[in-house]
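S.K.: Structure incoming, see below.
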Amino acid sequence: MTEAVPAPVDAAPALDVDAALRHLRRSDTALGRLIDRVGPYGLTIPPVATTFEALAEAIVYQQLSGKAAATIFGRFCAAVSGADAAAAAGCPTPEQVVDASDEALRACGLSGSKQRALRDLACRTIDGEVPSLPETRAMDDETIIERLTRVRGVGRWTAEMFLMFTLGRPDVLPVDDYGLRRGFQATFRTPEMPDRDQVARRGARWAPYRSVASWYLWRAAER
């Protein structure tokens with residue numbers, strides 16, 4: 001018998017944004033100028049019910065534009081959870097994903113690799129290998145990354161996005177993110193696209209608020 005899915009909760013700890021911005025301005029004047037140009041810090045952490053829900057959405061969104069991914073994820077939720085057209089479809093349970101046919105998943109627009117990733121995530125969640133949200137709150141960042149990257153299709157970048165956008169961890173620097181590196185190049189006027197080591201070296205001065213710095217670098221890439 002499947003347990004009821006818990007109500008969504010906000011897993012993000014409180015962040016002292018003023019303290020974070022003061023530290024970033026003091027530690028890096030060029031980053032401080034970017035902060036002044038962009039304006040107030042605007043990252044919000046949407047509530048989710050389970051680690052499974054957060055990772056399932058992340059898998060669907062990989063390598064797609066936001067609009068296309070949202071459409072496919074909506075189809076996935078409606079088709080696999082069995083919601084009718086008039087009902088608001090929530091994320092399917094792991095058991096529903098395991099029971100779904102390949103044809104049903106394909107009809108949602110999911111590639112074969114994403115189907116396999118979602119099934120692996122579902123199986124590992126049922127087996128207890130994927131930590132629950134309450135369990136992740138007691139883990140350090142690297143332990144969470146190690147646990148989540150055991151799931152097929154979940155690499156370090158996806159785990160880092162989980163840390164930032166689900167748990168609200170304040171000190172994550174996704175050095176492999178292309179958009180962040182573009183923002184780094186624009187902000188610090190490097191002649192070439194920086195590599196991961198260059199971003200990590202400069203980013204060391206932003207700790208313990210590297211997630212906040214990352215958000216501003218993404219804004220720089222957009223501008």
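In the structure tokens, the first chain shown is A, the next is B, and so on; residue numbers restart at 1 for each chain, and ligands run from 1 in the order shown.
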Just list as a PyMOL selection string whatever in stretch 44-214 of chain A DSSP marks as alpha helix (DSSP H).

M.R.: chain A and resi 51-61+66-81+94-99+102-107+112-126+133-137+141-148+156-165+178-188+196-203+210-214

S.K.: Which residues are close to A:Arg124, i.e. within 12 Å by only C-alpha atoms, leaving aside same-chain residues fewer than 3 positions away? Reply as a count of residues only.

M.R.: 24

S.K.: Determine the nearest neighbour of A:Thr158 from the options A:Ile126, A:Ala19, A:Ile145, A:Val199, counting only C-alpha atoms.

M.R.: A:Ile145

S.K.: Within 12 Å of A:Glu222, counting only C-alpha atoms, which residues show up once you throw out same-chain ones fewer than 5 positions away? Write them as an MDAnalysis selection string, please.

M.R.: chainID A and resid 38 178:184 186:187 215:217

S.K.: Output C-alpha atoms for every residue in the selection just made, as an mmCIF file, in the first residue's frame.

M.R.:
data_model
loop_
_atom_site.group_PDB
_atom_site.id
_atom_site.type_symbol
_atom_site.label_atom_id
_atom_site.label_comp_id
_atom_site.auth_asym_id
_atom_site.auth_seq_id
_atom_site.Cartn_x
_atom_site.Cartn_y
_atom_site.Cartn_z
ATOM 1 C CA VAL A 38 21.165 43.766 -11.404
ATOM 2 C CA TYR A 178 27.477 27.052 -19.186
ATOM 3 C CA GLY A 179 25.275 30.031 -18.350
ATOM 4 C CA LEU A 180 27.173 30.740 -15.157
ATOM 5 C CA ARG A 181 30.486 30.624 -17.023
ATOM 6 C CA ARG A 182 29.112 33.028 -19.649
ATOM 7 C CA GLY A 183 28.087 35.380 -16.862
ATOM 8 C CA PHE A 184 31.550 35.029 -15.323
ATOM 9 C CA ALA A 186 30.954 39.010 -19.032
ATOM 10 C CA THR A 187 31.378 40.168 -15.426
ATOM 11 C CA TRP A 215 22.368 33.771 -9.201
ATOM 12 C CA TYR A 216 23.917 37.128 -10.105
ATOM 13 C CA LEU A 217 26.244 35.545 -12.669
#

S.K.: So what do you get for atom CA of A:Leu21 versus atom CA of A:Ile144, distance-wise?

M.R.: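 Distance reported for this atom pair: 26.3 Å.
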
S.K.: Would you please work out which residue, of A:Thr71, A:Leu15, A:Phe162, A:Asp28, is nearest to A:Ala204 when using only C-alpha atoms?

M.R.: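 Closest to A:Ala204, using only C-alpha atoms: A:Asp28.
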
S.K.: Provide the atom CA of A:Phe73 to atom CA of A:Asp176 distance in Å, to one decimal place.

M.R.: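 Taking atom CA of A:Phe73 and atom CA of A:Asp176, their separation equals 24.7 Å.
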
S.K.: Report as a list in words all protein, DNA and RNA residues lying within 12 Å of A:Arg205, evaluated on only C-alpha atoms, omitting residues in the same chain fewer than 4 positions from it.

M.R.: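 Everything that qualifies: His23, Leu24, Arg25, Arg26, Ser27, Asp28, Thr29, Leu31, Asp171, Leu173, Val199, Ala200, Arg201, Tyr209, Arg210 and Ala213 of chain A.
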
S.K.: Using C-alpha atoms, can you write the selected residues to a file as a PDB file, in the first residue's frame?

M.R.:
ATOM      1  CA  HIS A  23      30.166  39.836   2.042  1.00  0.00           C
ATOM      2  CA  LEU A  24      30.130  39.526  -1.749  1.00  0.00           C
ATOM      3  CA  ARG A  25      30.670  43.239  -2.267  1.00  0.00           C
ATOM      4  CA  ARG A  26      33.571  43.279   0.211  1.00  0.00           C
ATOM      5  CA  SER A  27      35.220  40.162  -1.189  1.00  0.00           C
ATOM      6  CA  ASP A  28      34.928  41.034  -4.896  1.00  0.00           C
ATOM      7  CA  THR A  29      34.453  44.593  -6.119  1.00  0.00           C
ATOM      8  CA  LEU A  31      30.963  41.207  -8.453  1.00  0.00           C
ATOM      9  CA  ASP A 171      27.082  27.986  -0.799  1.00  0.00           C
ATOM     10  CA  LEU A 173      28.895  27.044  -7.145  1.00  0.00           C
ATOM     11  CA  VAL A 199      35.587  29.816 -11.787  1.00  0.00           C
ATOM     12  CA  ALA A 200      36.303  27.749  -8.671  1.00  0.00           C
ATOM     13  CA  ARG A 201      39.439  29.735  -7.805  1.00  0.00           C
ATOM     14  CA  TYR A 209      27.417  32.621  -0.241  1.00  0.00           C
ATOM     15  CA  ARG A 210      28.385  31.146  -3.595  1.00  0.00           C
ATOM     16  CA  ALA A 213      26.947  34.876  -6.458  1.00  0.00           C
TER      17      ALA A 213
END

S.K.: Counting only C-alpha atoms, give me one row per residue of stretch 23-59 of chain A with an atom at most 12 Å from an atom of stretch 104-114 of chain A, showing the shortest contact pair and its distance in Å to one decimal, sorted by chain then residue number, as a tab-separated table.

M.R.:
residue	atom	partner	partner_atom	distance
A:Leu55	CA	A:Lys114	CA	11.6
A:Ala56	CA	A:Lys114	CA	9.4
A:Glu57	CA	A:Lys114	CA	10.8
A:Ala58	CA	A:Lys114	CA	10.4
A:Ile59	CA	A:Lys114	CA	6.7

S.K.: Can you spit out the residues from that selection as an mmCIF file, in the first residue's frame, using C-alpha atoms?

M.R.:
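Writing the result to part_17.cif gives the following:
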data_model
loop_
_atom_site.group_PDB
_atom_site.id
_atom_site.type_symbol
_atom_site.label_atom_id
_atom_site.label_comp_id
_atom_site.auth_asym_id
_atom_site.auth_seq_id
_atom_site.Cartn_x
_atom_site.Cartn_y
_atom_site.Cartn_z
ATOM 1 C CA LEU A 55 14.441 15.081 -9.254
ATOM 2 C CA ALA A 56 11.739 13.845 -11.631
ATOM 3 C CA GLU A 57 11.103 17.426 -12.719
ATOM 4 C CA ALA A 58 14.849 18.063 -13.047
ATOM 5 C CA ILE A 59 15.274 14.993 -15.271
#

S.K.: I'd like to know which of A:Gln96, A:Gln63, A:Gln198, A:Ser214 is closest to A:Ile35, using only C-alpha atoms.

M.R.: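 Of A:Gln96, A:Gln63, A:Gln198, A:Ser214, the one nearest A:Ile35 is A:Ser214, counting only C-alpha atoms.
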